[in-house]
Every structure is written in C-alpha cells, then in structure tokens.
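Participant: Input: one structure, supplied below.
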Amino acid sequence: MSIALTFVLVAASLGVYGYYRYLDSSIPRQRIDPGASRPPDTGALNVLLVGSDSREGDNKRYGAKSVGMGERTDTIMLLHIGPNRDNATLISFPRDSMVEIPECAGGNGAVLPGGLRQINSAFNDGGINCTIKTLEALTNIRIDHFVKVDFTGFKGIVDAIGGIEICLPKAVNDKEAKFVLGAGKHVVNGEQALGYVRTRYSLGDGSDLGRIERQQIFLTQVMKKITDGGLLTDPGKLDAFLRAATRSVTVDDGLGLDRMLEVANSVRGLTAKELKGITVPIEPYPENTARVQFAQPAARDFFENVRQDIEVTASPAPGKSSAPKIENKQVRLQVLNATGEQGKAQQVADALAGQGFVVTHVGNAATTDVTTIRYARKDAEQGPAYGDAVAARLSKDKRTPVQGKVKALTSQPYTAKTPAAQAPTGPVLQVVIGKDWPGVRVQSAIPDALKGKVVDSTTNPCK
C-alpha cells in the first residue's frame with residue numbers, strides 16, 4: 001500500500017519530473033498478460049499487491065532451505081480505488097484459500113492445467129500473470145497494475161519512513177518470524193516490522209486471518225504516517241523513501257511515471273481515513289479445516305459490490321433547479337423484467353430496496369434492449385424529479401426518465417426485507433430492466449454485513 005498509492009502521490013506533489021524519471025527507470029518491470037478474456041474496465045483503479053516469500057539473495061536468512069524453490073505470495077491484497085477516487089478498499093485474500101485456478105502459462109513456457117488448489121500456489125507455479133488470471137476469474141474484477149515486494153524490500157521501506165507504531169496485547173517471542181518484543185506500544189523499524197506482519201502463531205488465534213488483520217492495521221498506520229507525518233514536506237525523508245521504494249519493488253510495465261502522475265492527480269485528496277481494509281468472506285474448507293474457502297453467497301455479493309462501484313456521469317444541466325431534492329425513501333417503484341432472464345426483477349428490486357427506494361410490485365414486461373425509468377403522463381410535473389433520484393443510483397451514464405408507462409405482462413406485490421417506516425405518497429414509477437441493465441451503483445464496496453470486520457485508521461492496533 002505504501003508503495004502503490006503513496007509513490008504516485010509524492011511523485012505528483014513535487015513534480016520534479018526529471019529526477020523521478022531517473023528513479024522510475026530503475027524499477028524492474030514485467031508485462032501483464034493474463035490472456036485475452038478479461039473483465040471490463042469500469043473506471044476504477046485496481047492494483048494487486050503481493051508480498052513475495054522468496055528466499056533468494058538477501059532474503060536467504062528467512063529460510064535458507066527454501067533457496068531455489070521459487071516464491072509464493074505470502075500476502076495477497078487488491079487495492080480498489082473507486083472511479084470517483086474518493087474511497088479506497090484494501091481487499092485481502094487468505095493465502096490458505098482453496099480456489100479454482102484456471103489454466104495458466106508456466107514460467108518455463110509449459111501450460112499449467114487448471115484445478116482446485118491453494119490460491120498462493122498460482123504465483124509459485126505460474127508467476128504474477130497466473131495470479132492475476134486467477135483473481136480476475138474469481139472476482140470478475142479487472143486488475144490494472146501490480147506491485148510486488150519481498151521481505152528485504154519491505155524492511156527498507158519501513159526504515160525509510162522512520163518506523164511505524166504498533167501495540168502488542170502481550171509479549172511475543174516468535175523465533176520463526178524473528179520477532180521478540182514486550183507487551184505495549186512500540187515503534188518498530190524494518191526487521192521488527194517484518195516480524196510483526198509475518199508472525200502467525202504467537203498472536204491472536206494463530207490463524208492467517210489474525211495475521212491479515214494485523215497487516216491491514218499496519219498498512220493503515222503506514223498510510224497515516226506518510227500523509228500526516230510530514231514525509232511529503234521533508235525532502236530528505238522523501239528522497240530516502242523513494243529510493244527505498246524503487247529498490248524494493250517490481251511493477252508492471254504499464255505503471256510508468258506518466259501513469260503514476262495520472263493516477264496521482266486523481267487521488268490527490270485521498271487520505272488515511274478513506275482507506276478501508278477487509279478480508280474476503282471465508283469459511284473452513286470441508287476437506288481440510290486447516291484451509292479455507294470463499295463463503296457464498298457473501299463473497300459473490302462482495303465482489304458484485306466492488307464491480308458496481310461505477311462512476312455516474314451526470315447529464316449537464318442548463319441551470320440549477322430550485323425544486324427540493326427527492327430522497328430515495330420518497331420514491332415508489334414498480335420493477336419490471338424485460339430481459340427474458342428469470343428472476344431478474346426480484347434481484348433488481350432487492351438492490352433498489354437496499355438503496356432505500358420503496359418497491360411496490362415486481363413483474364415482467366415485453367423484452368427490450370434498453371433500460372428505462374418511466375413515469376405516468378399524469379405525473380408529468382413530478383415524474384422527472386422522482387425519476388432522477390432513481391437514475392442517480394444506476395451505474396454508468398445517467399439515464400433520462402421517460403414519460404409514459406409500459407404494460408406489465410405479469411405483476412405481483414413486492415415484500416421488502418425492511419418495510420418503509422412511512423408509506424410515501426408521490427408518483428409510482430416503473431424501472432423497466434432492459435438487456436443493457438447497468439446495475440445499481442453501490443454506496444460502498446463493503447456490504448453492511450461485513451462492516452463490523454472493517455479495518456481502518458481508527459482500528460485499535462493493540463490486538
């Protein structure tokens with residue numbers, strides 16, 4: 001996180017183009033090529049962050065017996081920055097997750113067969129492109145860039161920013177992670193910081209989930225220190241950080257300085273408080289309880305929320321209206337499925353009800369290609385304003401409400417999970433779901449059911 005996001009921020013904030021061009025040229029790069037079939041670009045920025053457990057070179061001290069045995073992703077995180085660049089979600093994938101890995105190209109050019117395997121084996125067997133292909137297949141989220149850092153690189157970056165404060169609920173003596181420290185608050189530098197994020201059995205319940213939460217807490221503290229701790233205004237510290245970062249990472253060939261500056265300009269206002277950490281919903285893997293699998297439908301719903309975090313392009317208005325704003329709870333809707341896809345009306349009705357709209361009926365209408373929001377001719381005065389409230393919550397380009405309703409082929413009352421406190425009295429609109437249905441724009445990539453598991457800059461680090 002400190003690399004992928006902060007590097008672009010500091011590069012843009014100073015604008016010393018020639019110097020950063022020199023630093024940029026020293027970063028190792030690799031082409032992203034996971035195959036031709038990829039998820040669509042939604043305008044969001046998705047950066048894959050992988051922590052390599054390679055024991056080559058200076059990393060030999062963390063396991064000499066593993067030298068020459070390749071590398072696995074000790075940490076797998078996806079940094080999702082919304083299209084409006086006003087929020088960031090750090091999604092962690094437990095390395096013990098059993099998932100379907102698609103057919104990939106191996107490092108030696110051989111084709112690796114697909115199959116059910118542990119998620120971090122994708123990196124060991126097929127490298128970064130197999131990891132990207134696997135995550136895109138699992139989530140249907142397009143990955144734009146990747147940043148890889150190993151143990152030694154991580155230490156160098158933490159040292160360059162002057163260490164990070166942590167808090168331990170008890171004394172720890174973990175020889176495997178090379179982490180020995182007493183209870184309470186400490187400022188940890190490179191070696192101790194690495195031990196803190198690696199230790200697994202000496203803190204919490206010994207699971208990878210506890211370690212993931214500590215990693216998320218640590219990264220939010222890194223973000224806080226970089227944005228609030230004076231790094232950006234201290235030329236000496238900034239130079240040390242950038243030099244450490246460029247020595248410590250491998251990135252994709254599309255993440256050059258020009259792209260970094262482009263991204264930096266769009267996320268300039270993003271601060272530590274906008275960063276939320278969350279772990280993909282998981283459950284024990286039945287065949288081996290030491291492993292986990294994605295919990296359904298929670299994981300599927302979560303990925304859908306992330307995919308639907310799509311920018312709404314508002315239509316230009318000649319003048320600002322003096323009419324009062326229509327709130328979602330004031331709008332009654334009849335949701336009609338015109339796609340021919342079974343169950344679509346109920347699905348869309350649930351999503352709109354979840355946004356606060358009052359859905360009265362669901363049903364079917366004659367098949368159409370285009371999704372429309374409709375109001376009755378008798379409601380010509382109020383209909384457009386009510387329709388605009390619905391249009392604002394649909395993804396992609398804003399749709400203009402249409403006068404005149406269509407005939408429902410079937411219709412039945414809709415039962416909301418949470419009934420409205422007070423029935424609205426305004427016009428009843430129709431949402432006619434066409435084959436181009438854009439989806440409902442989520443207000444947060446993290447569903448309400450997972451809000452209690454969020455890690456952010458206010459999370460207590462003494463755990």
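Labels for the structure tokens follow display order: chains A, B, ..., residues from 1 in each chain, ligands from 1.
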May I have the residues within 6 Å of range 240-248 of chain A as an NGL selection string, using only C-alpha atoms and disregarding those fewer than 3 positions away in the same chain?

Facilitator: :A and (27 or 149 or 153 or 156-157 or 160 or 237)

Participant: Write the residues of the preceding selection, restricted to all heavy atoms, as a short mmCIF file (atom, residue, chain, number, x, y, z; two decimals), in the first residue's frame.

Facilitator:
data_model
loop_
_atom_site.label_atom_id
_atom_site.label_comp_id
_atom_site.auth_asym_id
_atom_site.auth_seq_id
_atom_site.Cartn_x
_atom_site.Cartn_y
_atom_site.Cartn_z
N ILE A 27 13.24 0.90 -11.74
CA ILE A 27 12.29 -0.07 -11.19
C ILE A 27 12.16 -1.26 -12.14
O ILE A 27 11.84 -1.08 -13.32
CB ILE A 27 10.91 0.58 -10.99
CG1 ILE A 27 11.00 1.79 -10.06
CG2 ILE A 27 9.93 -0.44 -10.40
CD1 ILE A 27 9.69 2.55 -9.92
N VAL A 149 6.65 -6.85 -3.62
CA VAL A 149 7.75 -6.50 -2.72
C VAL A 149 8.14 -7.74 -1.93
O VAL A 149 7.29 -8.55 -1.55
CB VAL A 149 7.34 -5.34 -1.78
CG1 VAL A 149 6.16 -5.73 -0.91
CG2 VAL A 149 8.51 -4.89 -0.91
N GLY A 153 12.84 -5.80 0.78
CA GLY A 153 12.28 -4.54 0.31
C GLY A 153 11.32 -3.92 1.30
O GLY A 153 11.31 -2.70 1.50
N GLY A 156 13.23 -2.17 4.02
CA GLY A 156 13.84 -0.92 3.58
C GLY A 156 12.84 0.23 3.53
O GLY A 156 13.17 1.37 3.88
N ILE A 157 11.63 -0.07 3.11
CA ILE A 157 10.60 0.98 3.03
C ILE A 157 10.21 1.47 4.42
O ILE A 157 10.09 2.67 4.66
CB ILE A 157 9.38 0.45 2.25
CG1 ILE A 157 9.74 0.25 0.79
CG2 ILE A 157 8.21 1.41 2.37
CD1 ILE A 157 8.70 -0.47 -0.02
N ALA A 160 12.84 3.61 5.83
CA ALA A 160 12.91 4.91 5.17
C ALA A 160 11.89 5.91 5.70
O ALA A 160 12.11 7.13 5.65
CB ALA A 160 12.73 4.74 3.66
N LYS A 237 13.65 12.95 3.91
CA LYS A 237 12.87 11.74 4.16
C LYS A 237 12.19 11.25 2.89
O LYS A 237 12.12 10.05 2.63
CB LYS A 237 11.81 12.00 5.24
CG LYS A 237 12.37 12.20 6.64
CD LYS A 237 11.24 12.40 7.64
CE LYS A 237 11.78 12.58 9.05
NZ LYS A 237 10.69 12.81 10.03
#

Participant: Find the residues around Asn460 in chain A up to 10 Å (only C-alpha atoms counted), leave out those fewer than 3 positions away in its own chain, and share them as an NGL selection string.

Facilitator: :A and (166-167 or 217 or 455-457 or 463)

Participant: For the selection just defined, write its residues with N, CA, C and O atoms to a file, as a PDB file, in the first residue's frame.

Facilitator:
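As a result, selection.pdb now contains:
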ATOM      1  N   ILE A 166       3.242   0.282  16.699  1.00  0.00           N
ATOM      2  CA  ILE A 166       2.340  -0.854  16.868  1.00  0.00           C
ATOM      3  C   ILE A 166       2.022  -0.995  18.352  1.00  0.00           C
ATOM      4  O   ILE A 166       2.619  -0.320  19.193  1.00  0.00           O
ATOM      5  N   CYS A 167       1.091  -1.877  18.668  1.00  0.00           N
ATOM      6  CA  CYS A 167       0.758  -2.141  20.061  1.00  0.00           C
ATOM      7  C   CYS A 167       0.491  -3.627  20.209  1.00  0.00           C
ATOM      8  O   CYS A 167      -0.297  -4.201  19.448  1.00  0.00           O
ATOM      9  N   ILE A 217      -4.021  -3.385   9.601  1.00  0.00           N
ATOM     10  CA  ILE A 217      -3.815  -2.323  10.595  1.00  0.00           C
ATOM     11  C   ILE A 217      -2.479  -1.634  10.348  1.00  0.00           C
ATOM     12  O   ILE A 217      -2.376  -0.398  10.364  1.00  0.00           O
ATOM     13  N   VAL A 455     -11.189  -2.807   8.793  1.00  0.00           N
ATOM     14  CA  VAL A 455     -10.036  -2.223   9.453  1.00  0.00           C
ATOM     15  C   VAL A 455      -9.776  -0.877   8.808  1.00  0.00           C
ATOM     16  O   VAL A 455      -9.731  -0.764   7.572  1.00  0.00           O
ATOM     17  N   ASP A 456      -9.629   0.172   9.617  1.00  0.00           N
ATOM     18  CA  ASP A 456      -9.292   1.491   9.074  1.00  0.00           C
ATOM     19  C   ASP A 456      -8.347   2.203  10.035  1.00  0.00           C
ATOM     20  O   ASP A 456      -7.830   1.605  10.981  1.00  0.00           O
ATOM     21  N   SER A 457      -8.121   3.492   9.794  1.00  0.00           N
ATOM     22  CA  SER A 457      -7.128   4.234  10.575  1.00  0.00           C
ATOM     23  C   SER A 457      -7.538   4.416  12.028  1.00  0.00           C
ATOM     24  O   SER A 457      -6.715   4.805  12.868  1.00  0.00           O
ATOM     25  N   LYS A 463      -3.858  -5.274  19.455  1.00  0.00           N
ATOM     26  CA  LYS A 463      -4.594  -6.522  19.417  1.00  0.00           C
ATOM     27  C   LYS A 463      -3.780  -7.584  18.715  1.00  0.00           C
ATOM     28  O   LYS A 463      -2.812  -7.276  18.049  1.00  0.00           O
TER      29      LYS A 463
END

Participant: Identify, on the basis of only C-alpha atoms, every residue whose closest approach to Ala137 in chain A does not exceed 12 Å; exclude the query and any residue fewer than 5 positions from it along the same chain; express the result as number ranges by chain.

Facilitator: A: 34-35, 37-39, 99-104, 114, 130-132, 142-143, 300, 303

Participant: Kindly give the distance, in Å, that separates CA of Ser207 in chain A and CA of Ile161 in chain A, rounded to a single decimal.

Facilitator: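 Computed distance, CA of Ser207 in chain A to CA of Ile161 in chain A, equals 29.1 Å.
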
Participant: Which residues are close to range 398-406 of chain A, i.e. within 10 Å by only C-alpha atoms, leaving aside same-chain residues fewer than 5 positions away? Reply as a PyMOL selection string.

Facilitator: chain A and resi 311-315+336+365-366+371-380+383-393+429-432
